Every structure is written in structure tokens, then in C-alpha cells.
$ cat query.cif   # mmCIF, C-alpha atoms
data_data
#
loop_
_atom_site.label_atom_id
_atom_site.label_comp_id
_atom_site.auth_asym_id
_atom_site.auth_seq_id
_atom_site.Cartn_x
_atom_site.Cartn_y
_atom_site.Cartn_z
CA MET A 17 0.00 0.00 0.00
CA ASP A 18 1.36 3.36 -1.06
CA SER A 19 2.26 5.46 1.95
CA ALA A 20 3.87 8.72 0.94
CA LEU A 21 2.82 12.34 0.69
CA SER A 22 4.00 13.75 -2.59
CA ASP A 23 3.86 16.96 -4.57
CA PRO A 24 5.30 15.44 -7.72
CA HIS A 25 4.47 18.09 -10.32
CA ASN A 26 5.01 21.43 -8.65
CA GLY A 27 7.07 23.29 -11.19
CA SER A 28 8.55 20.15 -12.72
CA ALA A 29 8.06 17.90 -15.74
CA GLU A 30 8.02 14.57 -13.93
CA ALA A 31 5.66 11.65 -14.59
CA GLY A 32 2.20 12.93 -15.26
CA GLY A 33 3.48 16.25 -16.57
CA PRO A 34 3.13 17.74 -20.04
CA ALA A 35 3.91 15.35 -22.85
CA ASN A 36 6.20 17.84 -24.57
CA GLY A 37 8.55 17.88 -21.57
CA LYS A 38 8.11 21.59 -20.92
CA THR A 39 8.38 22.76 -17.35
CA ARG A 40 5.08 23.48 -15.67
CA PRO A 41 4.45 26.98 -14.36
CA PRO A 42 4.67 27.07 -10.57
CA SER A 43 1.39 26.63 -8.72
CA THR A 44 -0.09 29.68 -7.05
CA PRO A 45 0.03 29.95 -3.23
CA GLU A 46 -3.77 29.84 -3.16
CA GLY A 47 -3.85 26.67 -5.26
CA ILE A 48 -1.23 24.97 -3.09
CA ALA A 49 -3.09 25.90 0.12
CA LEU A 50 -6.37 24.60 -1.33
CA ALA A 51 -4.76 21.32 -2.39
CA TYR A 52 -3.06 20.69 0.95
CA GLY A 53 -6.15 21.66 2.93
CA SER A 54 -8.33 19.37 0.83
CA LEU A 55 -5.94 16.43 1.27
CA LEU A 56 -5.99 16.98 5.04
CA LEU A 57 -9.80 17.08 5.09
CA MET A 58 -10.10 13.99 2.90
CA ALA A 59 -7.75 12.12 5.22
CA LEU A 60 -9.72 13.08 8.34
CA LEU A 61 -13.18 12.11 7.08
CA PRO A 62 -12.63 8.34 6.66
CA ILE A 63 -10.71 8.15 9.94
CA PHE A 64 -13.44 9.88 11.95
CA PHE A 65 -16.44 8.12 10.43
CA GLY A 66 -14.59 4.82 9.99
CA ALA A 67 -13.72 4.79 13.70
CA LEU A 68 -17.37 5.39 14.64
CA ARG A 69 -18.50 2.64 12.28
CA SER A 70 -15.87 0.27 13.67
CA VAL A 71 -17.70 0.35 17.01
CA ARG A 72 -20.98 -0.61 15.38
CA CYS A 73 -19.14 -3.21 13.32
CA ALA A 74 -17.79 -4.86 16.49
CA ARG A 75 -21.31 -4.94 17.91
CA GLY A 76 -22.97 -6.24 14.76
CA LYS A 77 -24.22 -9.75 14.10
CA ASN A 78 -24.08 -9.78 10.30
CA ALA A 79 -21.39 -12.25 9.24
CA SER A 80 -20.64 -10.22 6.10
CA ASP A 81 -19.70 -7.19 8.22
CA MET A 82 -17.58 -8.89 10.86
CA PRO A 83 -14.17 -7.25 11.25
CA GLU A 84 -10.81 -8.80 10.46
CA THR A 85 -8.61 -8.83 13.56
CA ILE A 86 -4.89 -8.04 13.19
CA THR A 87 -2.70 -9.91 15.67
CA SER A 88 0.86 -9.12 16.73
CA ARG A 89 2.17 -11.79 14.34
CA ASP A 90 0.25 -10.21 11.45
CA ALA A 91 1.59 -6.78 12.43
CA ALA A 92 5.19 -8.01 12.51
CA ARG A 93 4.91 -9.62 9.07
CA PHE A 94 3.03 -6.80 7.37
CA PRO A 95 6.02 -4.51 6.59
CA ILE A 96 7.86 -7.45 5.00
CA VAL A 97 4.85 -8.44 2.90
CA ALA A 98 4.24 -4.82 1.92
CA SER A 99 7.89 -4.38 0.92
CA CYS A 100 7.79 -7.48 -1.29
CA ALA A 101 4.57 -6.28 -2.94
CA LEU A 102 5.96 -2.78 -3.50
CA LEU A 103 9.22 -4.06 -4.98
CA GLY A 104 7.31 -6.53 -7.14
CA LEU A 105 5.16 -3.74 -8.58
CA TYR A 106 8.26 -1.64 -9.21
CA LEU A 107 9.92 -4.48 -11.14
CA PHE A 108 6.73 -5.16 -13.10
CA PHE A 109 6.60 -1.53 -14.22
CA LYS A 110 10.27 -1.71 -15.25
CA ILE A 111 9.99 -4.98 -17.18
CA PHE A 112 6.50 -4.98 -18.68
CA SER A 113 4.43 -2.39 -20.48
CA GLN A 114 2.92 0.07 -18.05
CA GLU A 115 -0.19 0.35 -20.22
CA TYR A 116 -1.17 -3.31 -19.93
CA ILE A 117 -0.40 -3.51 -16.21
CA ASN A 118 -2.58 -0.50 -15.48
CA LEU A 119 -5.37 -1.91 -17.65
CA LEU A 120 -5.39 -5.11 -15.59
CA LEU A 121 -5.21 -3.20 -12.31
CA SER A 122 -7.95 -0.82 -13.41
CA MET A 123 -10.36 -3.71 -13.95
CA TYR A 124 -9.43 -5.20 -10.58
CA PHE A 125 -9.92 -1.95 -8.67
CA PHE A 126 -13.05 -1.21 -10.71
CA VAL A 127 -14.77 -4.20 -9.08
CA LEU A 128 -13.29 -3.58 -5.62
CA GLY A 129 -14.12 0.12 -5.78
CA ILE A 130 -17.77 -0.49 -6.63
CA LEU A 131 -18.16 -2.91 -3.72
CA ALA A 132 -16.34 -0.60 -1.29
CA LEU A 133 -18.30 2.49 -2.34
CA SER A 134 -21.60 0.58 -2.14
CA HIS A 135 -20.80 -0.54 1.41
CA THR A 136 -19.80 3.03 2.33
CA ILE A 137 -22.93 4.81 1.10
CA SER A 138 -25.42 2.13 2.17
CA PRO A 139 -26.09 3.56 5.70
CA PHE A 140 -26.64 7.05 4.26
CA MET A 141 -28.85 5.89 1.40
CA ASN A 142 -31.12 3.94 3.75
CA LYS A 143 -32.41 7.26 5.11
CA PHE A 144 -33.75 8.26 1.68
CA PHE A 145 -35.73 5.11 0.94
CA PRO A 146 -39.49 5.42 1.62
CA VAL A 147 -41.02 3.33 4.39
CA ASN A 148 -43.05 1.26 1.94
CA PHE A 149 -40.01 0.48 -0.26
CA PRO A 150 -40.21 -3.20 -1.37
CA ASN A 151 -37.07 -4.47 0.32
CA ARG A 152 -36.23 -8.15 -0.15
CA GLN A 153 -33.50 -10.10 1.58
CA TYR A 154 -30.87 -12.11 -0.34
CA GLN A 155 -27.96 -14.32 0.62
CA LEU A 156 -24.94 -15.25 -1.46
CA LEU A 157 -23.53 -18.49 -0.09
CA PHE A 158 -20.64 -20.56 -1.42
CA THR A 159 -19.63 -23.70 0.45
CA GLN A 160 -16.92 -26.32 0.06
CA GLY A 161 -17.35 -30.00 0.84
CA SER A 162 -20.46 -31.74 2.09
CA GLY A 163 -21.93 -33.15 5.25
CA GLU A 164 -19.90 -32.54 8.37
CA ASN A 165 -16.97 -31.32 6.25
CA LYS A 166 -18.96 -28.47 4.67
CA GLU A 167 -17.20 -25.12 5.09
CA GLU A 168 -18.36 -21.65 4.13
CA ILE A 169 -16.21 -19.84 1.58
CA ILE A 170 -18.47 -16.82 1.03
CA ASN A 171 -21.51 -15.90 3.10
CA TYR A 172 -22.81 -12.47 2.15
CA GLU A 173 -26.25 -11.18 3.10
CA PHE A 174 -27.78 -8.19 1.27
CA ASP A 175 -31.12 -6.70 0.29
CA THR A 176 -32.77 -4.65 -2.43
CA LYS A 177 -31.47 -1.41 -0.95
CA ASP A 178 -27.92 -2.73 -1.22
CA LEU A 179 -28.54 -3.50 -4.90
CA VAL A 180 -29.63 0.11 -5.48
CA CYS A 181 -26.42 1.33 -3.80
CA LEU A 182 -24.45 -1.09 -5.97
CA GLY A 183 -26.05 0.40 -9.09
CA LEU A 184 -25.18 3.95 -8.05
CA SER A 185 -21.62 2.92 -7.26
CA SER A 186 -21.34 1.28 -10.67
CA ILE A 187 -21.93 4.67 -12.30
CA VAL A 188 -18.89 6.04 -10.47
CA GLY A 189 -16.97 2.90 -11.45
CA VAL A 190 -17.69 3.37 -15.16
CA TRP A 191 -16.74 7.04 -14.87
CA TYR A 192 -13.42 6.09 -13.30
CA LEU A 193 -12.75 3.30 -15.81
CA LEU A 194 -13.37 5.53 -18.83
CA ARG A 195 -11.95 8.86 -17.68
CA LYS A 196 -9.65 8.14 -14.71
CA HIS A 197 -10.96 11.43 -13.35
CA TRP A 198 -9.46 12.57 -10.07
CA ILE A 199 -12.88 12.98 -8.42
CA ALA A 200 -13.84 9.38 -9.21
CA ASN A 201 -10.39 8.30 -7.98
CA ASN A 202 -11.00 10.11 -4.68
CA LEU A 203 -14.48 8.64 -4.22
CA PHE A 204 -13.01 5.15 -4.50
CA GLY A 205 -10.01 6.11 -2.35
CA LEU A 206 -12.24 7.49 0.41
CA ALA A 207 -14.39 4.35 0.26
CA PHE A 208 -11.34 2.08 0.54
CA SER A 209 -10.02 4.13 3.48
CA LEU A 210 -13.31 4.18 5.38
CA ASN A 211 -13.85 0.44 4.88
CA GLY A 212 -10.29 -0.25 6.00
CA VAL A 213 -10.66 1.72 9.22
CA GLU A 214 -14.07 0.15 9.87
CA LEU A 215 -13.31 -3.50 9.13
CA LEU A 216 -9.63 -3.89 10.11
CA HIS A 217 -9.34 -4.14 13.89
CA LEU A 218 -6.16 -4.23 15.95
CA ASN A 219 -6.53 -6.64 18.86
CA ASN A 220 -4.61 -4.46 21.34
CA VAL A 221 -2.43 -1.37 21.67
CA SER A 222 0.82 -3.37 21.65
CA THR A 223 -0.10 -4.79 18.24
CA GLY A 224 -0.80 -1.27 17.03
CA CYS A 225 2.62 -0.11 18.20
CA ILE A 226 4.28 -3.04 16.41
CA LEU A 227 2.40 -2.33 13.18
CA LEU A 228 3.01 1.41 13.20
CA GLY A 229 6.64 0.98 14.24
CA GLY A 230 7.34 -1.51 11.46
CA LEU A 231 5.65 0.64 8.82
CA PHE A 232 7.54 3.67 10.15
CA ILE A 233 10.78 1.95 9.09
CA TYR A 234 9.18 0.70 5.87
CA ASP A 235 8.00 4.18 4.89
CA VAL A 236 11.28 5.94 5.66
CA PHE A 237 13.38 3.34 3.80
CA TRP A 238 11.31 3.19 0.61
CA VAL A 239 10.90 6.98 0.33
CA PHE A 240 14.30 8.26 1.45
CA GLY A 241 16.45 5.22 0.69
CA THR A 242 15.14 4.51 -2.83
CA ASN A 243 12.91 5.99 -5.50
CA VAL A 244 10.72 2.86 -5.54
CA MET A 245 7.66 4.16 -3.68
CA VAL A 246 7.45 7.49 -5.48
CA THR A 247 7.94 5.76 -8.85
CA VAL A 248 5.18 3.23 -8.16
CA ALA A 249 2.86 5.94 -6.84
CA LYS A 250 3.23 7.96 -10.04
CA SER A 251 3.03 4.94 -12.38
CA PHE A 252 0.21 3.11 -10.62
CA GLU A 253 -3.09 4.21 -12.17
CA ALA A 254 -5.36 2.94 -9.41
CA PRO A 255 -7.29 4.57 -6.54
CA ILE A 256 -4.62 3.78 -3.95
CA LYS A 257 -4.00 7.47 -3.24
CA LEU A 258 -5.97 10.64 -2.64
CA VAL A 259 -5.14 13.44 -5.07
CA PHE A 260 -6.08 17.08 -5.40
CA PRO A 261 -5.02 19.49 -8.16
CA GLN A 262 -2.97 22.53 -7.27
CA ASP A 263 -4.14 24.30 -10.44
CA LEU A 264 -7.87 23.85 -9.78
CA LEU A 265 -8.43 27.60 -9.59
CA GLU A 266 -6.84 28.08 -13.02
CA LYS A 267 -8.11 25.00 -14.93
CA GLY A 268 -11.22 23.93 -13.06
CA LEU A 269 -12.18 20.26 -12.96
CA GLU A 270 -9.78 19.46 -15.81
CA ALA A 271 -6.74 20.43 -13.69
CA ASP A 272 -3.86 17.94 -13.73
CA ASN A 273 -1.13 19.26 -11.42
CA PHE A 274 -1.70 16.98 -8.44
CA ALA A 275 -0.53 16.67 -4.87
CA MET A 276 -1.13 13.15 -3.53
CA LEU A 277 -1.49 11.27 -0.27
CA GLY A 278 -1.16 7.47 -0.11
CA LEU A 279 -4.05 5.54 1.44
CA GLY A 280 -1.59 3.86 3.79
CA ASP A 281 -1.14 7.21 5.54
CA VAL A 282 -4.87 7.21 6.24
CA VAL A 283 -5.74 3.58 6.99
CA ILE A 284 -2.74 2.59 9.14
CA PRO A 285 -3.02 5.43 11.68
CA GLY A 286 -6.80 5.24 11.29
CA ILE A 287 -7.15 1.69 12.60
CA PHE A 288 -5.02 2.65 15.61
CA ILE A 289 -7.22 5.68 16.29
CA ALA A 290 -10.33 3.47 15.95
CA LEU A 291 -8.82 1.06 18.50
CA LEU A 292 -8.42 3.91 20.97
CA LEU A 293 -12.06 4.89 20.46
CA ARG A 294 -13.14 1.36 21.38
CA PHE A 295 -10.80 1.54 24.38
CA ASP A 296 -12.48 4.80 25.44
CA ILE A 297 -15.87 3.10 25.26
CA SER A 298 -14.62 0.11 27.28
CA LEU A 299 -13.63 2.45 30.13
CA LYS A 300 -17.34 3.40 30.51
CA LYS A 301 -16.49 6.97 31.51
CA ASN A 302 -18.61 8.64 28.81
CA THR A 303 -15.52 10.39 27.47
CA HIS A 304 -13.50 9.90 24.29
CA THR A 305 -10.25 11.34 25.58
CA TYR A 306 -7.87 8.98 23.79
CA PHE A 307 -9.81 9.11 20.53
CA TYR A 308 -9.76 12.91 20.38
CA THR A 309 -6.13 13.01 21.51
CA SER A 310 -5.01 10.62 18.77
CA PHE A 311 -7.22 12.39 16.23
CA ALA A 312 -5.60 15.72 17.10
CA ALA A 313 -2.19 14.02 16.96
CA TYR A 314 -2.96 12.85 13.42
CA ILE A 315 -3.85 16.39 12.37
CA PHE A 316 -0.60 17.64 13.89
CA GLY A 317 1.49 14.90 12.24
CA LEU A 318 -0.01 15.30 8.78
CA GLY A 319 0.18 19.07 9.00
CA LEU A 320 3.86 18.78 9.91
CA THR A 321 4.38 16.44 6.95
CA ILE A 322 2.83 18.95 4.56
CA PHE A 323 4.91 21.77 6.01
CA ILE A 324 8.19 19.83 5.68
CA MET A 325 7.34 18.72 2.14
CA HIS A 326 6.51 22.27 1.11
CA ILE A 327 9.75 23.63 2.59
CA PHE A 328 12.10 20.99 1.10
CA LYS A 329 10.14 20.36 -2.15
CA HIS A 330 10.55 16.59 -1.77
CA ALA A 331 8.12 13.72 -1.22
CA GLN A 332 7.89 12.84 2.47
CA PRO A 333 7.20 9.54 4.25
CA ALA A 334 4.16 10.73 6.18
CA LEU A 335 4.41 7.92 8.73
CA LEU A 336 7.74 9.41 9.81
CA TYR A 337 5.72 12.19 11.45
CA LEU A 338 2.38 10.44 12.02
CA VAL A 339 3.64 7.41 13.97
CA PRO A 340 5.41 9.29 16.80
CA ALA A 341 2.46 11.67 17.12
CA CYS A 342 -0.32 9.05 17.05
CA ILE A 343 1.48 6.77 19.53
CA GLY A 344 3.21 9.37 21.69
CA PHE A 345 0.31 11.74 22.41
CA PRO A 346 -2.12 9.06 23.74
CA ILE A 347 0.61 7.44 25.85
CA LEU A 348 1.44 10.81 27.41
CA VAL A 349 -2.24 11.27 28.25
CA ALA A 350 -2.36 7.75 29.72
CA LEU A 351 0.70 8.53 31.85
CA ALA A 352 -0.92 11.73 33.10
CA LYS A 353 -4.15 9.89 33.96
CA GLY A 354 -2.44 6.80 35.38
CA GLU A 355 -4.12 4.48 32.83
CA VAL A 356 -1.11 3.04 31.01
CA THR A 357 -1.74 -0.46 32.41
CA GLU A 358 -5.40 -0.36 31.37
CA MET A 359 -4.45 0.85 27.90
CA PHE A 360 -1.94 -1.92 27.19
CA SER A 361 -4.03 -4.66 28.80
CA TYR A 362 -7.14 -3.81 26.76
CA GLU A 363 -8.04 -6.57 24.29
CA SER A 364 -10.41 -5.47 21.54
CA SER A 365 -10.94 -8.98 20.16
CA ALA A 366 -11.88 -10.34 23.59
CA GLU A 367 -14.36 -7.60 24.39
CA ILE A 368 -17.85 -9.00 24.97
CA LEU A 369 -20.17 -6.33 23.68
CA PRO A 370 -23.97 -6.50 24.13
CA HIS A 371 -25.77 -9.01 21.84
CA THR A 372 -22.47 -9.94 20.17
CA PRO A 373 -21.85 -13.72 20.12
CA ARG A 374 -18.21 -14.62 20.65
CA LEU A 375 -16.59 -18.04 20.43
CA THR A 376 -13.32 -17.95 22.37
CA HIS A 377 -12.34 -21.59 21.74
CA PHE A 378 -13.48 -24.55 19.70
CA PRO A 379 -14.54 -27.73 21.51
CA THR A 380 -12.80 -30.94 20.51
CA VAL A 381 -15.62 -32.56 18.54
CA SER A 382 -16.11 -33.56 14.92
CA GLY A 383 -16.91 -30.89 12.35
CA SER A 384 -15.14 -27.90 10.89
CA PRO A 385 -14.45 -24.73 12.92
CA ALA A 386 -16.71 -22.78 10.56
CA SER A 387 -19.68 -25.08 11.15
CA LEU A 388 -19.11 -25.04 14.92
CA ALA A 389 -18.94 -21.25 14.96
CA ASP A 390 -22.13 -21.07 12.92
CA SER A 391 -24.00 -23.41 15.28
CA MET A 392 -22.77 -21.42 18.27
CA GLN A 393 -23.97 -18.19 16.67
CA GLN A 394 -27.42 -19.70 16.07
CA LYS A 395 -27.71 -20.77 19.70
CA LEU A 396 -26.68 -17.36 21.04
CA ALA A 397 -28.32 -15.06 18.53
CA GLY A 398 -31.58 -16.97 18.08
CA PRO A 399 -33.16 -18.51 15.00
CA ARG A 400 -31.92 -15.87 12.58
CA ARG A 401 -30.67 -18.25 9.91
CA ARG A 402 -31.50 -21.92 10.15
CA ARG A 403 -30.12 -24.72 8.03
CA PRO A 404 -31.24 -28.29 7.58
CA GLN A 405 -29.79 -30.48 10.28
CA ASN A 406 -30.83 -33.77 8.72
CA PRO A 407 -27.66 -35.46 7.46
CA SER A 408 -29.55 -36.95 4.55
CA ALA A 409 -30.41 -33.45 3.32
CA MET A 410 -26.78 -32.27 3.22
#

$ encode --input "query.cif" --output "C-alpha cells"
Amino acid sequence: MDSALSDPHNGSAEAGGPANGKTRPPSTPEGIALAYGSLLLMALLPIFFGALRSVRCARGKNASDMPETITSRDAARFPIVASCALLGLYLFFKIFSQEYINLLLSMYFFVLGILALSHTISPFMNKFFPVNFPNRQYQLLFTQGSGENKEEIINYEFDTKDLVCLGLSSIVGVWYLLRKHWIANNLFGLAFSLNGVELLHLNNVSTGCILLGGLFIYDVFWVFGTNVMVTVAKSFEAPIKLVFPQDLLEKGLEADNFAMLGLGDVVIPGIFIALLLRFDISLKKNTHTYFYTSFAAYIFGLGLTIFIMHIFKHAQPALLYLVPACIGFPILVALAKGEVTEMFSYESSAEILPHTPRLTHFPTVSGSPASLADSMQQKLAGPRRRRPQNPSAM
């Protein structure tokens, strides 16, 4: 995942610049301020709303919306996996035609973007449907095996309202596929970011520190040590970054002199901030001290990144400034309040929230873990989704 803040075209003829190689005119101070301010706002929106939705996600019972929990082992491996993926993309762009690679990636992110945007707008669109709207329930279920060995591969529940949201998102997807317009790119990028913050859950603060610390080194190395990340970011025609034109005031919606912010600089700190919001709620003090502290720390860190980039005219690894701020500020608050032990002993994955069935271990009996978890959920949550129990019917 791209994770760099870049101003690649300010007064230069780098990738994405004029085809004739002429130097671009410098952006106006007003245009630069508008671009940086818009990037900051676009980064804050998915973090704030994604964190709020992560709480509802943890409390939900819908299997299709259950979060993915990141453990300390996952966090330790992630920078290595991300480095391999980044270097692989860099080599692909050097060896193969950039046009064909981007065509393949565009189709891939076209599908993912539609699904992510549909999931993002669904709660807002539900408010506009009339009460008597004919809403039918559907379930997409793929299983593997039979009998006691049957395992669920895909189990997605949706309704007619979700199909309407999917249709609206498809319009944006076609617009992006045909025009690669920066607004369509940002709609998909915001949807990816919000879904990431909502559905990716760190299991505890220690895991968050491991993840952010590892990606701190990853970001600094690939931005300052090599040109790999900046090259991939400028060659990769996919909504993996938020962009805003610095010449919008001069050229309008057809502007093409972009500043960019990688989605990694939004999602990675965002899932840590969302963890602190759930920690705030677990304290039952009716305050969101750690959430607002980390949110303010993110604003400070990203603002500092933009300032340094503007002064030195060089792409900056945003996590270099975001990680110390997002980890350091909440820990200082915890030290002042005497809650460091509570903070580091909090386990998000073990939290038993109201009406949320949890299976902490699997009994030693026959059957797959998926089938056991499903039967446990039916017993705890009631007869929400029943399946034939007669072996002859399986």
C-alpha cells in the first residue's frame, strides 16, 4: 500500500506532466493551500467516520460485516509483505508495459471500488428510501465440501437497498474506468479508506505499536532510501491514493497538477485511532479522551508532513511524522491519567459487547471450525438463519 505524501508536479516535468517535456508553471500559493487543505480534510473524514462505524461493526451480528482482527504476528509480518509487494510492482513496471499492467489493475480496482463504495454509502442511502419500499433479503452463499466437512467460503447477506447502492456505485466505477478522473479516484479512495478503518481491527495497543513501528521503518526506507515508492505511486493508475489538483483555480475540474497522499497514511493510523475509540468506550467513563487526543495528533502529524514537504520540495514519508504523534500523544495522556496499564491490557478482540456472540475456543468434537462457529452463533443469537440439520439433506 502506497504510503507517501507527494507533490510530484510542482514546477517540474516529472511523470504525469506535459507530454512535450516543458516545465510546468509554478502553482499559485492559493492553489497549493487549497490542495493541501483538501488532502488533510479527505484524510480526516474516513478516519473519523470509519472509527465510529468500527464500534458498530464490532457490535454487529451480520457475518458479512464482521471485522478482520490483526494480531501481533500479522503486524510483525506486514512490513515485510508490503515491501515485497511494493518491490514486485516496481519491477513489473520496469519490465513490462505500463499500459497493460494498469489496464489489468484498473479492472481489478473497478470491481473492488464499486463494492467498497456501495458498502460506504449504504447507511446514508437507507435514510432516503421510503417506508413502503419493497425491500427483499438475499444471501450469497458458497460452500466447500459436504456433510460434516462443509465449510463456508463466502456468506454475504444483502437486500434490495444494497442492490440500489451497488447500481449507483457502478456509475462512479464506469466514470473512473473511462476517464480516470481525479474525483472518481478520490471517491473510491475514500471508500477504501473508510472500509479499511471500519473492518480492520487491531486486537490491542501493543499490536498497534508493532504495526506502526514496522511501517515507520518501511516508509522511511522506501521513500528516502530509494525511488521505488514514489515511482510506483506515479506509475500506478489505481485509486490507492488521494489526489487534489494545485491548479484547480486556473483550470477547473480538468486540472492535472496533483498533490497526492497514499491511502496507507490514512488507513494505518486510522485503525489505531479506531482502537483507541473502542478503548475509550470500554472504560465506561462517557468520554472519548484517547480518541480525540489521537485524532488531534494525526492532524498535527499530517500538518507537519505537509509543512516539511513544502519547505524541502521533496516527497515525504508521512508515517515518519504520524507514527510518533499518534502513539506518543495518547501514551502521554495515559501517563498523566495513570491508565497506562489499562491501555496496554485492553483486548479489543476479547471484548464482549452486548448481543455480540463470541466463540473464544473450539470444543474438541467432529466438524469444521466454521460449522461449529455457525452453530454457536445460532444458539446465542436466536433462529436468525437456520439450516437443515438432517444429514440426509446435506

$ closest_residue --input "query.cif" --among "A:Ser298, A:Ser134, A:Thr87, A:Asn273" --to "Leu210 of chain A" --atoms "only C-alpha atoms"
A:Ser134

$ residues_near_point --input "query.cif" --point "(-5.3, 16.7, 7.5)" --cutoff "7 Å" --atoms "only C-alpha atoms" --output "PyMOL selection string"
chain A and resi 53+55-57+59-60+315+318-319

$ closest_residue --input "query.cif" --among "A:Leu335, A:Leu193, A:Ala312, A:Val97" --to "Asp235 of chain A" --atoms "all atoms listed in the file"
A:Leu335

$ atom_distance --input "query.cif" --atom1 "atom CA of Asp296 of chain A" --atom2 "atom CA of Leu320 of chain A"
26.5 Å

$ resolve_selection --input "query.cif" --expression "the PyMOL selection byres ((chain A and resi 125) around 10)" --output "VMD selection string"
chain A and resid 120 to 124 126 to 132 189 192 to 193 204 253 to 256

$ write_last_selection --input "query.cif" --atoms "C-alpha atoms" --output "PDB file, keeping the file's coordinate frame"
ATOM      1  CA  LEU A 120      -5.390  -5.110 -15.590  1.00  0.00           C
ATOM      2  CA  LEU A 121      -5.210  -3.200 -12.310  1.00  0.00           C
ATOM      3  CA  SER A 122      -7.950  -0.820 -13.410  1.00  0.00           C
ATOM      4  CA  MET A 123     -10.360  -3.710 -13.950  1.00  0.00           C
ATOM      5  CA  TYR A 124      -9.430  -5.200 -10.580  1.00  0.00           C
ATOM      6  CA  PHE A 126     -13.050  -1.210 -10.710  1.00  0.00           C
ATOM      7  CA  VAL A 127     -14.770  -4.200  -9.080  1.00  0.00           C
ATOM      8  CA  LEU A 128     -13.290  -3.580  -5.620  1.00  0.00           C
ATOM      9  CA  GLY A 129     -14.120   0.120  -5.780  1.00  0.00           C
ATOM     10  CA  ILE A 130     -17.770  -0.490  -6.630  1.00  0.00           C
ATOM     11  CA  LEU A 131     -18.160  -2.910  -3.720  1.00  0.00           C
ATOM     12  CA  ALA A 132     -16.340  -0.600  -1.290  1.00  0.00           C
ATOM     13  CA  GLY A 189     -16.970   2.900 -11.450  1.00  0.00           C
ATOM     14  CA  TYR A 192     -13.420   6.090 -13.300  1.00  0.00           C
ATOM     15  CA  LEU A 193     -12.750   3.300 -15.810  1.00  0.00           C
ATOM     16  CA  PHE A 204     -13.010   5.150  -4.500  1.00  0.00           C
ATOM     17  CA  GLU A 253      -3.090   4.210 -12.170  1.00  0.00           C
ATOM     18  CA  ALA A 254      -5.360   2.940  -9.410  1.00  0.00           C
ATOM     19  CA  PRO A 255      -7.290   4.570  -6.540  1.00  0.00           C
ATOM     20  CA  ILE A 256      -4.620   3.780  -3.950  1.00  0.00           C
TER      21      ILE A 256
END
